[in-house]
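Listing of upload26.txt; format and content: compact mmCIF, N, CA and C atoms.
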```txt
# COMPACT_ATOMS: atom_id res chain seq x y z
N MET A 1 -16.36 9.12 2.15
CA MET A 1 -16.48 7.69 1.96
C MET A 1 -15.85 7.27 0.64
N ALA A 2 -15.87 8.14 -0.36
CA ALA A 2 -15.29 7.79 -1.66
C ALA A 2 -13.80 7.50 -1.52
N SER A 3 -13.10 8.28 -0.70
CA SER A 3 -11.66 8.04 -0.54
C SER A 3 -11.41 6.70 0.14
N LEU A 4 -12.30 6.30 1.05
CA LEU A 4 -12.14 4.99 1.69
C LEU A 4 -12.38 3.87 0.70
N LEU A 5 -13.35 4.06 -0.19
CA LEU A 5 -13.59 3.04 -1.21
C LEU A 5 -12.41 2.96 -2.16
N ALA A 6 -11.78 4.09 -2.45
CA ALA A 6 -10.59 4.09 -3.29
C ALA A 6 -9.47 3.33 -2.59
N LEU A 7 -9.34 3.51 -1.29
CA LEU A 7 -8.32 2.78 -0.53
C LEU A 7 -8.55 1.28 -0.64
N VAL A 8 -9.79 0.87 -0.52
CA VAL A 8 -10.11 -0.56 -0.61
C VAL A 8 -9.73 -1.07 -2.00
N ALA A 9 -10.06 -0.32 -3.03
CA ALA A 9 -9.74 -0.75 -4.38
C ALA A 9 -8.23 -0.80 -4.59
N LEU A 10 -7.52 0.19 -4.09
CA LEU A 10 -6.07 0.24 -4.25
C LEU A 10 -5.36 -0.83 -3.45
N SER A 11 -5.91 -1.18 -2.30
CA SER A 11 -5.20 -2.12 -1.44
C SER A 11 -4.97 -3.45 -2.12
N GLY A 12 -5.91 -3.88 -2.94
CA GLY A 12 -5.74 -5.13 -3.67
C GLY A 12 -4.62 -5.03 -4.68
N ALA A 13 -4.47 -3.88 -5.30
CA ALA A 13 -3.42 -3.69 -6.29
C ALA A 13 -2.05 -3.54 -5.63
N LEU A 14 -2.03 -2.98 -4.43
CA LEU A 14 -0.76 -2.73 -3.76
C LEU A 14 -0.21 -3.95 -3.06
N ALA A 15 -1.09 -4.83 -2.61
CA ALA A 15 -0.63 -6.01 -1.88
C ALA A 15 -0.09 -7.05 -2.85
N PRO A 16 1.02 -7.68 -2.51
CA PRO A 16 1.55 -8.74 -3.38
C PRO A 16 0.55 -9.89 -3.48
N ALA A 17 0.54 -10.55 -4.62
CA ALA A 17 -0.40 -11.66 -4.84
C ALA A 17 -0.25 -12.73 -3.78
N SER A 18 0.98 -12.92 -3.30
CA SER A 18 1.20 -13.96 -2.29
C SER A 18 0.56 -13.60 -0.96
N VAL A 19 0.29 -12.31 -0.76
CA VAL A 19 -0.30 -11.86 0.50
C VAL A 19 -1.81 -11.80 0.40
N ARG A 20 -2.34 -11.34 -0.73
CA ARG A 20 -3.77 -11.15 -0.87
C ARG A 20 -4.30 -11.94 -2.06
N ALA A 21 -4.98 -13.01 -1.77
CA ALA A 21 -5.61 -13.80 -2.83
C ALA A 21 -6.89 -13.10 -3.26
N ALA A 22 -7.21 -13.19 -4.52
CA ALA A 22 -8.39 -12.52 -5.07
C ALA A 22 -9.69 -13.07 -4.50
N ASP A 23 -9.65 -14.25 -3.92
CA ASP A 23 -10.89 -14.87 -3.44
C ASP A 23 -11.16 -14.61 -1.96
N ARG A 24 -10.48 -13.66 -1.37
CA ARG A 24 -10.76 -13.36 0.03
C ARG A 24 -11.06 -11.87 0.19
N PRO A 25 -11.76 -11.52 1.25
CA PRO A 25 -12.07 -10.10 1.47
C PRO A 25 -10.81 -9.28 1.74
N VAL A 26 -10.89 -8.01 1.43
CA VAL A 26 -9.84 -7.07 1.78
C VAL A 26 -9.86 -6.93 3.30
N LYS A 27 -8.69 -7.02 3.92
CA LYS A 27 -8.60 -6.89 5.38
C LYS A 27 -8.09 -5.50 5.72
N ILE A 28 -8.94 -4.74 6.41
CA ILE A 28 -8.63 -3.36 6.78
C ILE A 28 -8.64 -3.24 8.29
N VAL A 29 -7.63 -2.58 8.83
CA VAL A 29 -7.58 -2.29 10.27
C VAL A 29 -7.75 -0.79 10.44
N VAL A 30 -8.72 -0.40 11.26
CA VAL A 30 -8.88 1.00 11.63
C VAL A 30 -8.08 1.16 12.92
N PHE A 31 -6.98 1.88 12.82
CA PHE A 31 -5.98 1.98 13.88
C PHE A 31 -5.94 3.41 14.39
N GLY A 32 -6.43 3.61 15.61
CA GLY A 32 -6.48 4.98 16.10
C GLY A 32 -6.84 5.08 17.56
N ASP A 33 -7.51 6.19 17.88
CA ASP A 33 -7.89 6.51 19.25
C ASP A 33 -9.40 6.35 19.43
N SER A 34 -9.99 7.15 20.31
CA SER A 34 -11.43 7.01 20.59
C SER A 34 -12.29 7.31 19.38
N LEU A 35 -11.79 8.11 18.44
CA LEU A 35 -12.56 8.38 17.23
C LEU A 35 -12.74 7.10 16.42
N SER A 36 -11.76 6.22 16.48
CA SER A 36 -11.85 4.91 15.83
C SER A 36 -12.58 3.92 16.72
N ALA A 37 -12.23 3.92 17.98
CA ALA A 37 -12.79 2.94 18.91
C ALA A 37 -14.30 3.11 19.08
N GLY A 38 -14.77 4.34 18.91
CA GLY A 38 -16.19 4.59 19.10
C GLY A 38 -16.55 4.83 20.55
N PHE A 39 -15.66 5.50 21.27
CA PHE A 39 -15.88 5.77 22.69
C PHE A 39 -17.28 6.35 22.92
N GLY A 40 -18.02 5.72 23.82
CA GLY A 40 -19.36 6.19 24.18
C GLY A 40 -20.46 5.78 23.22
N LEU A 41 -20.11 5.03 22.19
CA LEU A 41 -21.11 4.60 21.21
C LEU A 41 -21.35 3.10 21.32
N PRO A 42 -22.52 2.64 20.91
CA PRO A 42 -22.69 1.20 20.79
C PRO A 42 -21.73 0.69 19.72
N ALA A 43 -21.27 -0.54 19.83
CA ALA A 43 -20.28 -1.09 18.90
C ALA A 43 -20.69 -0.94 17.45
N ASN A 44 -21.98 -1.10 17.15
CA ASN A 44 -22.41 -1.02 15.76
C ASN A 44 -22.47 0.41 15.22
N ALA A 45 -22.25 1.40 16.07
CA ALA A 45 -22.25 2.80 15.64
C ALA A 45 -20.84 3.36 15.48
N ALA A 46 -19.83 2.60 15.89
CA ALA A 46 -18.44 3.06 15.75
C ALA A 46 -18.07 3.09 14.28
N PHE A 47 -17.11 3.94 13.94
CA PHE A 47 -16.69 4.11 12.56
C PHE A 47 -16.37 2.78 11.86
N PRO A 48 -15.57 1.89 12.45
CA PRO A 48 -15.25 0.65 11.73
C PRO A 48 -16.49 -0.17 11.36
N ALA A 49 -17.47 -0.24 12.25
CA ALA A 49 -18.69 -0.98 11.97
C ALA A 49 -19.51 -0.30 10.87
N ARG A 50 -19.54 1.01 10.90
CA ARG A 50 -20.28 1.75 9.86
C ARG A 50 -19.59 1.63 8.51
N LEU A 51 -18.26 1.63 8.52
CA LEU A 51 -17.51 1.44 7.28
C LEU A 51 -17.79 0.05 6.72
N ALA A 52 -17.76 -0.96 7.57
CA ALA A 52 -18.05 -2.33 7.12
C ALA A 52 -19.44 -2.40 6.49
N ALA A 53 -20.41 -1.77 7.11
CA ALA A 53 -21.78 -1.79 6.57
C ALA A 53 -21.85 -1.07 5.22
N ALA A 54 -21.15 0.07 5.10
CA ALA A 54 -21.17 0.82 3.85
C ALA A 54 -20.52 0.02 2.72
N LEU A 55 -19.43 -0.66 3.02
CA LEU A 55 -18.77 -1.48 2.00
C LEU A 55 -19.64 -2.67 1.62
N ARG A 56 -20.25 -3.28 2.62
CA ARG A 56 -21.16 -4.41 2.37
C ARG A 56 -22.30 -3.96 1.45
N ASP A 57 -22.85 -2.76 1.70
CA ASP A 57 -23.94 -2.24 0.88
C ASP A 57 -23.52 -2.03 -0.57
N LYS A 58 -22.21 -1.85 -0.79
CA LYS A 58 -21.68 -1.67 -2.14
C LYS A 58 -21.12 -2.98 -2.71
N ASN A 59 -21.43 -4.07 -2.01
CA ASN A 59 -20.98 -5.40 -2.43
C ASN A 59 -19.45 -5.51 -2.51
N ILE A 60 -18.77 -4.83 -1.59
CA ILE A 60 -17.32 -4.92 -1.49
C ILE A 60 -17.00 -5.84 -0.31
N ALA A 61 -16.32 -6.93 -0.61
CA ALA A 61 -15.97 -7.89 0.43
C ALA A 61 -14.80 -7.35 1.25
N ALA A 62 -15.07 -7.04 2.50
CA ALA A 62 -14.03 -6.49 3.37
C ALA A 62 -14.25 -6.95 4.80
N GLU A 63 -13.14 -7.19 5.47
CA GLU A 63 -13.16 -7.45 6.91
C GLU A 63 -12.53 -6.24 7.57
N ILE A 64 -13.27 -5.61 8.47
CA ILE A 64 -12.80 -4.41 9.14
C ILE A 64 -12.54 -4.73 10.60
N ALA A 65 -11.32 -4.47 11.05
CA ALA A 65 -10.97 -4.67 12.46
C ALA A 65 -10.85 -3.31 13.14
N ASN A 66 -11.40 -3.22 14.32
CA ASN A 66 -11.34 -1.99 15.11
C ASN A 66 -10.15 -2.08 16.07
N ALA A 67 -9.09 -1.35 15.77
CA ALA A 67 -7.91 -1.30 16.63
C ALA A 67 -7.79 0.09 17.23
N GLY A 68 -8.93 0.66 17.61
CA GLY A 68 -8.94 1.95 18.25
C GLY A 68 -8.80 1.79 19.77
N VAL A 69 -8.00 2.66 20.37
CA VAL A 69 -7.81 2.67 21.82
C VAL A 69 -8.07 4.09 22.31
N SER A 70 -9.12 4.25 23.07
CA SER A 70 -9.47 5.58 23.57
C SER A 70 -8.32 6.17 24.37
N GLY A 71 -8.03 7.43 24.09
CA GLY A 71 -6.97 8.15 24.79
C GLY A 71 -5.60 7.97 24.19
N ASP A 72 -5.49 7.15 23.15
CA ASP A 72 -4.17 6.87 22.57
C ASP A 72 -3.60 8.10 21.88
N THR A 73 -2.29 8.19 21.90
CA THR A 73 -1.54 9.23 21.20
C THR A 73 -0.79 8.61 20.03
N ALA A 74 -0.19 9.44 19.22
CA ALA A 74 0.62 8.93 18.11
C ALA A 74 1.76 8.07 18.63
N SER A 75 2.36 8.47 19.73
CA SER A 75 3.45 7.68 20.31
C SER A 75 2.95 6.35 20.85
N GLY A 76 1.78 6.36 21.47
CA GLY A 76 1.19 5.11 21.95
C GLY A 76 0.89 4.17 20.80
N GLY A 77 0.36 4.71 19.72
CA GLY A 77 0.07 3.89 18.54
C GLY A 77 1.34 3.32 17.94
N MET A 78 2.39 4.14 17.91
CA MET A 78 3.67 3.67 17.38
C MET A 78 4.14 2.45 18.17
N GLY A 79 3.93 2.48 19.47
CA GLY A 79 4.37 1.39 20.32
C GLY A 79 3.56 0.12 20.18
N ARG A 80 2.34 0.20 19.65
CA ARG A 80 1.51 -1.00 19.56
C ARG A 80 1.19 -1.43 18.13
N VAL A 81 1.72 -0.71 17.15
CA VAL A 81 1.36 -1.01 15.76
C VAL A 81 1.73 -2.44 15.36
N ASP A 82 2.85 -2.94 15.81
CA ASP A 82 3.29 -4.27 15.38
C ASP A 82 2.33 -5.36 15.82
N TRP A 83 1.76 -5.26 17.01
CA TRP A 83 0.84 -6.31 17.48
C TRP A 83 -0.62 -5.96 17.27
N SER A 84 -0.93 -4.71 16.94
CA SER A 84 -2.33 -4.32 16.70
C SER A 84 -2.76 -4.52 15.25
N VAL A 85 -1.78 -4.59 14.36
CA VAL A 85 -2.07 -4.78 12.94
C VAL A 85 -1.54 -6.16 12.56
N PRO A 86 -2.43 -7.14 12.46
CA PRO A 86 -1.98 -8.52 12.24
C PRO A 86 -1.44 -8.75 10.83
N ASP A 87 -0.66 -9.81 10.70
CA ASP A 87 -0.21 -10.24 9.38
C ASP A 87 -1.43 -10.52 8.53
N GLY A 88 -1.32 -10.25 7.24
CA GLY A 88 -2.43 -10.47 6.33
C GLY A 88 -3.30 -9.23 6.14
N THR A 89 -2.98 -8.15 6.88
CA THR A 89 -3.72 -6.90 6.71
C THR A 89 -3.35 -6.29 5.36
N ASP A 90 -4.36 -5.86 4.61
CA ASP A 90 -4.14 -5.23 3.31
C ASP A 90 -4.02 -3.72 3.42
N ALA A 91 -4.78 -3.14 4.34
CA ALA A 91 -4.83 -1.68 4.44
C ALA A 91 -5.11 -1.26 5.87
N VAL A 92 -4.60 -0.07 6.22
CA VAL A 92 -4.82 0.52 7.54
C VAL A 92 -5.35 1.93 7.34
N ILE A 93 -6.37 2.26 8.11
CA ILE A 93 -6.80 3.64 8.23
C ILE A 93 -6.17 4.12 9.53
N LEU A 94 -5.19 5.00 9.42
CA LEU A 94 -4.42 5.48 10.56
C LEU A 94 -5.02 6.79 11.04
N GLU A 95 -5.59 6.75 12.24
CA GLU A 95 -6.30 7.91 12.80
C GLU A 95 -5.73 8.17 14.19
N LEU A 96 -4.64 8.90 14.23
CA LEU A 96 -4.03 9.27 15.51
C LEU A 96 -3.57 10.72 15.45
N GLY A 97 -3.49 11.33 16.60
CA GLY A 97 -3.02 12.70 16.69
C GLY A 97 -3.96 13.63 17.44
N ALA A 98 -5.24 13.29 17.50
CA ALA A 98 -6.20 14.17 18.17
C ALA A 98 -5.83 14.35 19.65
N ASN A 99 -5.49 13.26 20.33
CA ASN A 99 -5.14 13.38 21.75
C ASN A 99 -3.81 14.11 21.95
N ASP A 100 -2.92 14.00 20.98
CA ASP A 100 -1.66 14.75 21.04
C ASP A 100 -1.98 16.25 21.09
N ALA A 101 -2.86 16.69 20.20
CA ALA A 101 -3.23 18.10 20.15
C ALA A 101 -3.96 18.53 21.41
N LEU A 102 -4.86 17.70 21.89
CA LEU A 102 -5.61 18.05 23.11
C LEU A 102 -4.69 18.17 24.32
N ARG A 103 -3.59 17.41 24.31
CA ARG A 103 -2.64 17.43 25.43
C ARG A 103 -1.50 18.41 25.21
N GLY A 104 -1.46 19.04 24.05
CA GLY A 104 -0.40 20.00 23.77
C GLY A 104 0.96 19.35 23.56
N ILE A 105 0.98 18.11 23.10
CA ILE A 105 2.24 17.42 22.83
C ILE A 105 2.94 18.13 21.67
N ASP A 106 4.23 18.29 21.79
CA ASP A 106 5.03 18.95 20.76
C ASP A 106 4.74 18.29 19.41
N PRO A 107 4.32 19.06 18.40
CA PRO A 107 4.03 18.50 17.09
C PRO A 107 5.21 17.71 16.50
N LYS A 108 6.43 18.05 16.86
CA LYS A 108 7.58 17.29 16.36
C LYS A 108 7.54 15.85 16.88
N VAL A 109 7.08 15.67 18.12
CA VAL A 109 6.96 14.33 18.70
C VAL A 109 5.86 13.55 17.98
N THR A 110 4.74 14.21 17.74
CA THR A 110 3.62 13.57 17.03
C THR A 110 4.05 13.16 15.63
N LYS A 111 4.69 14.07 14.90
CA LYS A 111 5.13 13.77 13.54
C LYS A 111 6.12 12.62 13.52
N ALA A 112 7.07 12.63 14.44
CA ALA A 112 8.07 11.55 14.48
C ALA A 112 7.41 10.20 14.73
N ALA A 113 6.44 10.15 15.64
CA ALA A 113 5.75 8.89 15.93
C ALA A 113 4.93 8.43 14.73
N LEU A 114 4.25 9.34 14.06
CA LEU A 114 3.49 8.97 12.87
C LEU A 114 4.42 8.49 11.76
N ASP A 115 5.56 9.15 11.62
CA ASP A 115 6.54 8.74 10.60
C ASP A 115 7.01 7.31 10.84
N VAL A 116 7.30 6.96 12.10
CA VAL A 116 7.75 5.60 12.42
C VAL A 116 6.62 4.61 12.13
N THR A 117 5.41 4.95 12.52
CA THR A 117 4.27 4.06 12.27
C THR A 117 4.06 3.84 10.78
N LEU A 118 4.12 4.92 10.02
CA LEU A 118 3.96 4.81 8.56
C LEU A 118 5.10 3.98 7.94
N ARG A 119 6.30 4.17 8.44
CA ARG A 119 7.44 3.40 7.93
C ARG A 119 7.24 1.91 8.21
N LYS A 120 6.83 1.59 9.44
CA LYS A 120 6.61 0.18 9.81
C LYS A 120 5.55 -0.46 8.91
N LEU A 121 4.47 0.25 8.68
CA LEU A 121 3.40 -0.30 7.83
C LEU A 121 3.88 -0.40 6.38
N GLY A 122 4.63 0.59 5.93
CA GLY A 122 5.17 0.55 4.57
C GLY A 122 6.12 -0.61 4.36
N GLU A 123 6.93 -0.90 5.36
CA GLU A 123 7.85 -2.04 5.26
C GLU A 123 7.09 -3.35 5.12
N ARG A 124 5.88 -3.37 5.65
CA ARG A 124 5.03 -4.57 5.56
C ARG A 124 4.15 -4.54 4.31
N ARG A 125 4.34 -3.53 3.47
CA ARG A 125 3.58 -3.36 2.22
C ARG A 125 2.08 -3.27 2.48
N ILE A 126 1.72 -2.54 3.51
CA ILE A 126 0.32 -2.32 3.85
C ILE A 126 -0.05 -0.92 3.39
N ALA A 127 -1.10 -0.82 2.59
CA ALA A 127 -1.60 0.48 2.14
C ALA A 127 -2.13 1.24 3.35
N VAL A 128 -1.89 2.57 3.39
CA VAL A 128 -2.32 3.37 4.54
C VAL A 128 -3.07 4.60 4.06
N LEU A 129 -4.18 4.87 4.72
CA LEU A 129 -4.91 6.12 4.57
C LEU A 129 -4.73 6.87 5.88
N LEU A 130 -4.03 7.98 5.86
CA LEU A 130 -3.80 8.78 7.06
C LEU A 130 -4.92 9.79 7.20
N ALA A 131 -5.66 9.69 8.30
CA ALA A 131 -6.74 10.63 8.58
C ALA A 131 -6.15 11.92 9.12
N GLY A 132 -6.55 13.03 8.57
CA GLY A 132 -6.04 14.33 9.01
C GLY A 132 -6.67 14.78 10.31
N MET A 133 -5.89 15.48 11.08
CA MET A 133 -6.34 16.05 12.35
C MET A 133 -6.10 17.56 12.30
N VAL A 134 -6.88 18.29 13.07
CA VAL A 134 -6.73 19.74 13.17
C VAL A 134 -6.64 20.10 14.65
N ALA A 135 -5.66 20.94 14.97
CA ALA A 135 -5.48 21.36 16.37
C ALA A 135 -6.67 22.21 16.83
N PRO A 136 -7.06 22.05 18.08
CA PRO A 136 -8.13 22.90 18.60
C PRO A 136 -7.64 24.35 18.68
N PRO A 137 -8.52 25.32 18.45
CA PRO A 137 -8.10 26.72 18.40
C PRO A 137 -7.52 27.25 19.72
N ASN A 138 -7.88 26.64 20.83
CA ASN A 138 -7.38 27.15 22.11
C ASN A 138 -5.90 26.87 22.33
N MET A 139 -5.27 26.10 21.42
CA MET A 139 -3.84 25.81 21.56
C MET A 139 -2.97 26.94 21.01
N GLY A 140 -3.59 27.90 20.35
CA GLY A 140 -2.85 29.04 19.82
C GLY A 140 -2.45 28.84 18.37
N ALA A 141 -2.22 29.96 17.71
CA ALA A 141 -1.93 29.94 16.26
C ALA A 141 -0.62 29.23 15.94
N ASP A 142 0.42 29.45 16.72
CA ASP A 142 1.71 28.83 16.43
C ASP A 142 1.62 27.30 16.55
N TYR A 143 0.98 26.84 17.63
CA TYR A 143 0.82 25.40 17.82
C TYR A 143 -0.01 24.82 16.68
N ALA A 144 -1.13 25.47 16.37
CA ALA A 144 -2.02 24.98 15.32
C ALA A 144 -1.29 24.91 13.98
N GLN A 145 -0.50 25.91 13.67
CA GLN A 145 0.23 25.90 12.40
C GLN A 145 1.19 24.71 12.34
N ALA A 146 1.93 24.50 13.40
CA ALA A 146 2.90 23.39 13.42
C ALA A 146 2.19 22.03 13.42
N PHE A 147 1.13 21.91 14.19
CA PHE A 147 0.41 20.63 14.27
C PHE A 147 -0.30 20.33 12.97
N ASN A 148 -1.05 21.29 12.44
CA ASN A 148 -1.84 21.06 11.24
C ASN A 148 -0.97 20.73 10.04
N ALA A 149 0.26 21.21 10.03
CA ALA A 149 1.18 20.94 8.91
C ALA A 149 1.56 19.47 8.83
N ILE A 150 1.40 18.73 9.92
CA ILE A 150 1.72 17.29 9.92
C ILE A 150 0.85 16.57 8.91
N PHE A 151 -0.41 17.00 8.84
CA PHE A 151 -1.39 16.26 8.05
C PHE A 151 -1.63 16.90 6.69
```
Rewrite the structure of this file - the entire thing - as structure tokens.
Amino acid sequence: MASLLALVALSGALAPASVRAADRPVKIVVFGDSLSAGFGLPANAAFPARLAAALRDKNIAAEIANAGVSGDTASGGMGRVDWSVPDGTDAVILELGANDALRGIDPKVTKAALDVTLRKLGERRIAVLLAGMVAPPNMGADYAQAFNAIF
């Protein structure tokens, strides 16, 4: 949670003054798959809702949007990043790749999609926290080594 709070603090410094006024909450989009969406959980138990509550408890003004899509891959996220992350967003928590590993998608494809997504967000001057993923052990050592190196 400390790294997320650091992201919130940094996002204000990274965003141009014309984009983020000091008198409004930090706008964060949690952009990912079912781990973000909260698949199978009540809405208030999903990660974005819990993050919002934790920040509120620390008196940090933040608006958290849940842009998680269950089953999404890094390539799927790359395809929807432009319309899933609205203008005025200060920071994104990018959580994609788990489904890529579960499906055995070539790590080069996953890395390329994440690179494009990160580039698009960077061009918009949006701070990004990339959540790390680890390949499941049943994919084999070679796959795990290549996949885990992405993060």
(request) Please provide the set of residues having any atom within 8 Å of stretch 110-119 of chain A, restricted to only C-alpha atoms, with same-chain residues fewer than 3 positions apart removed, written as a ChimeraX atom specification. (result) /A:73-75,77-78,81,96-97,100,105-107,122-123,128,150
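Candidate residues A:Ile28, A:Ala135, A:Ala52, A:Ile60 were compared for distance to A:Gly104, and the nearest is A:Ala135, using only C-alpha atoms.
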(request) Determine the nearest neighbour of A:Arg24 from the options A:Ser36, A:Ala45, A:Thr89, A:Asn66, counting only C-alpha atoms. (result)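 Looking at the shortest contact to A:Arg24, the residue is A:Thr89.
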(request) Excluding A:Pro25 and residues on its chain fewer than 3 positions from it, collect all residues at most 6 Å away from it, counting all atoms listed in the file, and give them as a PyMOL selection string. (result) chain A and resi 61-63
(request) Just list the residues in stretch 43-91 of chain A DSSP gives strand (DSSP E or B) on the backbone, as an NGL selection string. (result) :A and (62-68 or 91)
